[in-house]
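Colleague: Below you will find the structure I want to go over with you.
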Amino acid sequence: MLLFILVLSAAVGITSADTGGYTVGSCPPDEELEKLGDAVDMSGADVTYSFWEFPLSIKIAYIIGYLTVFFSFFKLAPIILGQIRSLSKNVNKKRIINYVLNEPGCTPSEISRNLKISLGSIRYQIKTLKAEEELTLTREGKFTRVFQNSNVFTNNDKTIISHLKGSTRKQILLNILENPEITNQEISEKLNLDKSTTHWHIKKLREDDIISSEVEGKFTKYFVNPAVESELLKWLKI
């Protein structure tokens with residue numbers, strides 16, 4: 001298309017010269033201008049022409065040029081939009097990774113809410129980042145927990161962090177840690193919880209070996225499992 005316009009422009013120039021029109025070229029040196037004298041018109045444009053007064057060939061070349069630019073834009077638009085979308089996805093990826101680094105064990109819903117990105121986009125990006133081995137996922141009940149894929153977190157760390165993400169369970173753990181051999185009833189009274197609620201949380205903590213228990217008479221007393229106590233203290237301080 002560009003070649004066609006160049007050829008057409010050349011043809012226009014030849015036609016104009018052949019029909020007695022002006023031949024426009026670069027300005028000659030001052031010495032030659034002095035020799036030519038009045039033969040050279042230096043007064044500027046004699047007449048102002050509108051577009052419609054130009055020869056047909058020039059108008060066609062002009063219109064073709066504009067149409068070429070117009071259609072080229074539509075061809076390039078999808079590529080440009082694709083680059084913009086790709087850049088946006090990369091920005092969101094970085095934001096998600098940074099959030100997970102600062103909030104290990106967070107859920108997709110939490111990320112979506114705090115970063116103000118749709119949950120569908122968050123799930124898609126997490127799936128992509130997991131495939132790229134940037135993130136790892138763990139399942140805790142109905143929750144999916146997201147962690148950085150690194151050697152920072154042991155399996156025990158991930159389990160402890162997941163439990164600490166629940167405010168009620170965290171309070172129960174703190175009470176057991178501060179009051180070894182505390183009972184279900186005492187925890188319920190301290191935290192103003194229904195006994196069945198306390199029992200359910202304690203059951204989950206026992207299943208993951210975070211706490212242990214011993215029966216004394218008609219009471220069951222709870223304490224933190226010594227094997228994970230140091231890790232629990234580490235993550236409670238963060």
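Chain identifiers are assigned as A, B, and so on, following the order in which chains appear in the structure tokens; residues are numbered from 1 within each chain, and ligands are numbered from 1 in order of appearance.
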Write out as a list of chain:residue names the residues lying within 9 Å of Pro104 in chain A, counting only C-alpha atoms and excluding same-chain residues fewer than 4 positions away.

Modeller: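 Surrounding residues, per the criterion: A:Tyr99, A:Val100, A:Arg145, A:Val146, A:Phe147, A:Gln148, A:Lys158, A:Ile161, A:Ser162.
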
Colleague: Just want the 7 Å neighbourhood of Leu119 in chain A, counted on only C-alpha atoms, with same-chain residues fewer than 3 positions away dropped. Output as a PyMOL selection string.

Modeller: chain A and resi 108-109+112+122-123

Colleague: How many Å separate CA of Glu181 in chain A from CA of Asn155 in chain A?

Modeller: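 Taking CA of Glu181 in chain A as the start and CA of Asn155 in chain A as the end point, the length is 26.1 Å.
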
Colleague: Counting only C-alpha atoms, which residue out of A:Leu232, A:Lys127, A:Phe70, A:Asp208 sits closest to Leu174 in chain A?

Modeller: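 So, comparing all the options, the nearest one is A:Leu232.
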
Colleague: Would you mind writing down, as JSON, numbers by chain, each residue of range 49-223 of chain A that DSSP on the backbone assigns to helix (DSSP H, G or I)?

Modeller: {"A": [51, 52, 53, 56, 57, 58, 59, 60, 61, 62, 63, 64, 65, 66, 67, 68, 69, 70, 71, 72, 73, 74, 75, 76, 77, 78, 79, 80, 81, 82, 83, 84, 85, 86, 87, 88, 89, 90, 91, 92, 93, 94, 95, 96, 97, 98, 99, 100, 101, 102, 108, 109, 110, 111, 112, 113, 114, 115, 119, 120, 121, 122, 123, 124, 125, 126, 127, 128, 129, 130, 131, 155, 156, 157, 158, 159, 160, 161, 162, 163, 164, 167, 168, 169, 170, 171, 172, 173, 174, 175, 176, 177, 178, 184, 185, 186, 187, 188, 189, 190, 191, 195, 196, 197, 198, 199, 200, 201, 202, 203, 204, 205, 206, 207]}

Colleague: Generate a file of the selected residues that holds C-alpha atoms, formatted as an mmCIF file, in the first residue's frame.

Modeller:
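Writing done, so here's again28.cif:
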data_model
loop_
_atom_site.group_PDB
_atom_site.id
_atom_site.type_symbol
_atom_site.label_atom_id
_atom_site.label_comp_id
_atom_site.auth_asym_id
_atom_site.auth_seq_id
_atom_site.Cartn_x
_atom_site.Cartn_y
_atom_site.Cartn_z
ATOM 1 C CA PHE A 51 -8.533 20.329 -1.152
ATOM 2 C CA TRP A 52 -11.235 19.978 -3.807
ATOM 3 C CA GLU A 53 -9.312 22.184 -6.245
ATOM 4 C CA LEU A 56 -7.882 14.113 -8.850
ATOM 5 C CA SER A 57 -4.690 12.071 -8.563
ATOM 6 C CA ILE A 58 -3.532 14.114 -5.548
ATOM 7 C CA LYS A 59 -6.911 13.822 -3.866
ATOM 8 C CA ILE A 60 -6.900 10.056 -4.381
ATOM 9 C CA ALA A 61 -3.389 9.748 -2.937
ATOM 10 C CA TYR A 62 -4.400 11.891 0.047
ATOM 11 C CA ILE A 63 -7.536 9.834 0.738
ATOM 12 C CA ILE A 64 -5.679 6.536 0.320
ATOM 13 C CA GLY A 65 -3.074 7.730 2.811
ATOM 14 C CA TYR A 66 -5.716 8.508 5.418
ATOM 15 C CA LEU A 67 -7.510 5.214 4.807
ATOM 16 C CA THR A 68 -4.225 3.339 5.196
ATOM 17 C CA VAL A 69 -3.601 4.961 8.577
ATOM 18 C CA PHE A 70 -7.223 4.342 9.608
ATOM 19 C CA PHE A 71 -7.216 0.619 8.783
ATOM 20 C CA SER A 72 -3.707 0.154 10.174
ATOM 21 C CA PHE A 73 -4.982 1.445 13.506
ATOM 22 C CA PHE A 74 -7.697 -1.226 13.596
ATOM 23 C CA LYS A 75 -5.141 -3.899 12.782
ATOM 24 C CA LEU A 76 -2.802 -2.714 15.516
ATOM 25 C CA ALA A 77 -5.519 -2.050 18.112
ATOM 26 C CA PRO A 78 -5.937 -5.730 19.176
ATOM 27 C CA ILE A 79 -2.167 -6.057 19.581
ATOM 28 C CA ILE A 80 -1.983 -2.889 21.670
ATOM 29 C CA LEU A 81 -4.963 -3.942 23.800
ATOM 30 C CA GLY A 82 -3.395 -7.369 24.266
ATOM 31 C CA GLN A 83 -0.192 -5.769 25.516
ATOM 32 C CA ILE A 84 -2.168 -3.589 27.926
ATOM 33 C CA ARG A 85 -4.063 -6.614 29.271
ATOM 34 C CA SER A 86 -0.823 -8.557 29.625
ATOM 35 C CA LEU A 87 0.754 -5.669 31.527
ATOM 36 C CA SER A 88 -2.303 -5.454 33.779
ATOM 37 C CA LYS A 89 -2.108 -9.186 34.521
ATOM 38 C CA ASN A 90 1.580 -8.909 35.374
ATOM 39 C CA VAL A 91 0.872 -6.013 37.727
ATOM 40 C CA ASN A 92 -1.875 -8.031 39.440
ATOM 41 C CA LYS A 93 0.439 -11.030 39.735
ATOM 42 C CA LYS A 94 3.027 -8.929 41.537
ATOM 43 C CA ARG A 95 0.393 -7.477 43.843
ATOM 44 C CA ILE A 96 -0.897 -10.956 44.710
ATOM 45 C CA ILE A 97 2.606 -12.310 45.357
ATOM 46 C CA ASN A 98 3.451 -9.348 47.599
ATOM 47 C CA TYR A 99 0.196 -9.751 49.505
ATOM 48 C CA VAL A 100 0.821 -13.462 50.092
ATOM 49 C CA LEU A 101 4.366 -12.693 51.272
ATOM 50 C CA ASN A 102 2.970 -10.301 53.881
ATOM 51 C CA PRO A 108 -8.467 -16.006 47.742
ATOM 52 C CA SER A 109 -11.500 -14.143 49.133
ATOM 53 C CA GLU A 110 -9.288 -12.170 51.497
ATOM 54 C CA ILE A 111 -6.888 -11.258 48.679
ATOM 55 C CA SER A 112 -9.794 -10.205 46.467
ATOM 56 C CA ARG A 113 -11.330 -8.054 49.183
ATOM 57 C CA ASN A 114 -8.127 -6.255 50.160
ATOM 58 C CA LEU A 115 -6.648 -5.790 46.685
ATOM 59 C CA LEU A 119 -12.538 -13.089 42.962
ATOM 60 C CA GLY A 120 -12.607 -14.748 39.541
ATOM 61 C CA SER A 121 -9.428 -12.910 38.508
ATOM 62 C CA ILE A 122 -7.753 -13.773 41.810
ATOM 63 C CA ARG A 123 -8.542 -17.467 41.411
ATOM 64 C CA TYR A 124 -7.244 -17.441 37.843
ATOM 65 C CA GLN A 125 -4.023 -15.674 38.832
ATOM 66 C CA ILE A 126 -3.471 -17.985 41.811
ATOM 67 C CA LYS A 127 -3.950 -21.004 39.556
ATOM 68 C CA THR A 128 -1.408 -19.554 37.119
ATOM 69 C CA LEU A 129 1.075 -18.706 39.881
ATOM 70 C CA LYS A 130 0.700 -22.198 41.328
ATOM 71 C CA ALA A 131 1.481 -23.686 37.901
ATOM 72 C CA ASN A 155 4.222 -28.298 56.896
ATOM 73 C CA ASN A 156 3.829 -27.572 60.613
ATOM 74 C CA ASP A 157 4.177 -23.845 59.912
ATOM 75 C CA LYS A 158 1.425 -23.964 57.319
ATOM 76 C CA THR A 159 -0.851 -25.898 59.659
ATOM 77 C CA ILE A 160 -0.246 -23.514 62.563
ATOM 78 C CA ILE A 161 -0.696 -20.399 60.435
ATOM 79 C CA SER A 162 -3.940 -21.783 59.026
ATOM 80 C CA HIS A 163 -5.310 -22.277 62.545
ATOM 81 C CA LEU A 164 -4.154 -18.836 63.668
ATOM 82 C CA SER A 167 -9.743 -15.334 65.333
ATOM 83 C CA THR A 168 -11.743 -17.663 67.616
ATOM 84 C CA ARG A 169 -9.300 -20.518 67.256
ATOM 85 C CA LYS A 170 -6.401 -18.156 67.812
ATOM 86 C CA GLN A 171 -7.950 -16.979 71.085
ATOM 87 C CA ILE A 172 -8.486 -20.578 72.176
ATOM 88 C CA LEU A 173 -4.842 -21.394 71.418
ATOM 89 C CA LEU A 174 -3.640 -18.347 73.342
ATOM 90 C CA ASN A 175 -5.701 -19.388 76.349
ATOM 91 C CA ILE A 176 -4.360 -22.936 76.247
ATOM 92 C CA LEU A 177 -0.810 -21.618 75.857
ATOM 93 C CA GLU A 178 -1.164 -19.215 78.787
ATOM 94 C CA ASN A 184 -13.282 -26.833 77.741
ATOM 95 C CA GLN A 185 -15.627 -25.193 80.218
ATOM 96 C CA GLU A 186 -12.994 -22.702 81.374
ATOM 97 C CA ILE A 187 -12.179 -21.725 77.789
ATOM 98 C CA SER A 188 -15.868 -21.265 77.019
ATOM 99 C CA GLU A 189 -16.338 -19.035 80.061
ATOM 100 C CA LYS A 190 -13.252 -16.931 79.334
ATOM 101 C CA LEU A 191 -14.145 -16.348 75.691
ATOM 102 C CA LYS A 195 -19.331 -25.228 74.816
ATOM 103 C CA SER A 196 -20.119 -26.960 71.531
ATOM 104 C CA THR A 197 -18.269 -24.222 69.620
ATOM 105 C CA THR A 198 -15.234 -24.565 71.867
ATOM 106 C CA HIS A 199 -15.363 -28.344 71.527
ATOM 107 C CA TRP A 200 -15.434 -28.100 67.711
ATOM 108 C CA HIS A 201 -12.355 -25.848 67.579
ATOM 109 C CA ILE A 202 -10.479 -28.010 70.069
ATOM 110 C CA LYS A 203 -11.294 -31.078 67.992
ATOM 111 C CA LYS A 204 -9.723 -29.435 64.911
ATOM 112 C CA LEU A 205 -6.619 -28.457 66.876
ATOM 113 C CA ARG A 206 -6.233 -31.981 68.222
ATOM 114 C CA GLU A 207 -6.640 -33.515 64.761
#

Colleague: One number please: CA of Ser212 in chain A to CA of Asn225 in chain A, in Å, one decimal.

Modeller: 5.5 Å

Colleague: Ranking A:Ser118, A:Gly166, A:Phe153, A:Lys234 by minimum distance to Glu140 in chain A and counting only C-alpha atoms, which one comes first?

Modeller: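 Ranking A:Ser118, A:Gly166, A:Phe153, A:Lys234 by distance to Glu140 in chain A, first place goes to A:Gly166.
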
Colleague: What is the CA of Val215 in chain A to CA of Leu236 in chain A distance in Å?

Modeller: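 Interatomic distance, CA of Val215 in chain A to CA of Leu236 in chain A: 27.3 Å.
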
Colleague: Tell me which protein, DNA and RNA residues are within 9 Å of Pro180 in chain A, counting only C-alpha atoms, leaving out same-chain ones fewer than 6 positions away, and put them as a VMD selection string.

Modeller: chain A and resid 221 to 224

Colleague: Emit the selected residues as a compact mmCIF listing (two decimals), in the first residue's frame, including all heavy atoms.

Modeller:
# COMPACT_ATOMS: atom_id res chain seq x y z
N LYS A 221 -8.31 -31.94 80.25
CA LYS A 221 -7.47 -30.74 80.29
C LYS A 221 -6.60 -30.68 79.03
O LYS A 221 -6.13 -31.71 78.54
CB LYS A 221 -6.60 -30.75 81.54
CG LYS A 221 -7.44 -30.73 82.83
CD LYS A 221 -6.58 -30.63 84.07
CE LYS A 221 -7.44 -30.51 85.32
NZ LYS A 221 -6.62 -30.38 86.55
N TYR A 222 -6.39 -29.46 78.56
CA TYR A 222 -5.69 -29.28 77.28
C TYR A 222 -4.41 -28.48 77.47
O TYR A 222 -4.32 -27.58 78.32
CB TYR A 222 -6.60 -28.56 76.28
CG TYR A 222 -7.88 -29.32 76.00
CD1 TYR A 222 -9.07 -28.97 76.65
CD2 TYR A 222 -7.89 -30.39 75.12
CE1 TYR A 222 -10.25 -29.66 76.42
CE2 TYR A 222 -9.07 -31.10 74.89
CZ TYR A 222 -10.23 -30.73 75.53
OH TYR A 222 -11.39 -31.44 75.31
N PHE A 223 -3.42 -28.81 76.65
CA PHE A 223 -2.16 -28.07 76.64
C PHE A 223 -1.56 -28.14 75.23
O PHE A 223 -1.91 -29.03 74.44
CB PHE A 223 -1.18 -28.62 77.68
CG PHE A 223 -0.99 -30.10 77.61
CD1 PHE A 223 0.01 -30.65 76.81
CD2 PHE A 223 -1.80 -30.97 78.35
CE1 PHE A 223 0.19 -32.02 76.75
CE2 PHE A 223 -1.63 -32.34 78.27
CZ PHE A 223 -0.63 -32.88 77.48
N VAL A 224 -0.69 -27.20 74.95
CA VAL A 224 -0.07 -27.15 73.62
C VAL A 224 0.91 -28.30 73.48
O VAL A 224 1.67 -28.61 74.40
CB VAL A 224 0.66 -25.80 73.41
CG1 VAL A 224 1.47 -25.81 72.11
CG2 VAL A 224 -0.35 -24.66 73.39

Colleague: Please identify the strand (DSSP E or B) residues within range 45-155 of chain A (assignment by DSSP from backbone atoms) and present them as number ranges by chain.

Modeller: A: 106, 135-140, 143-148
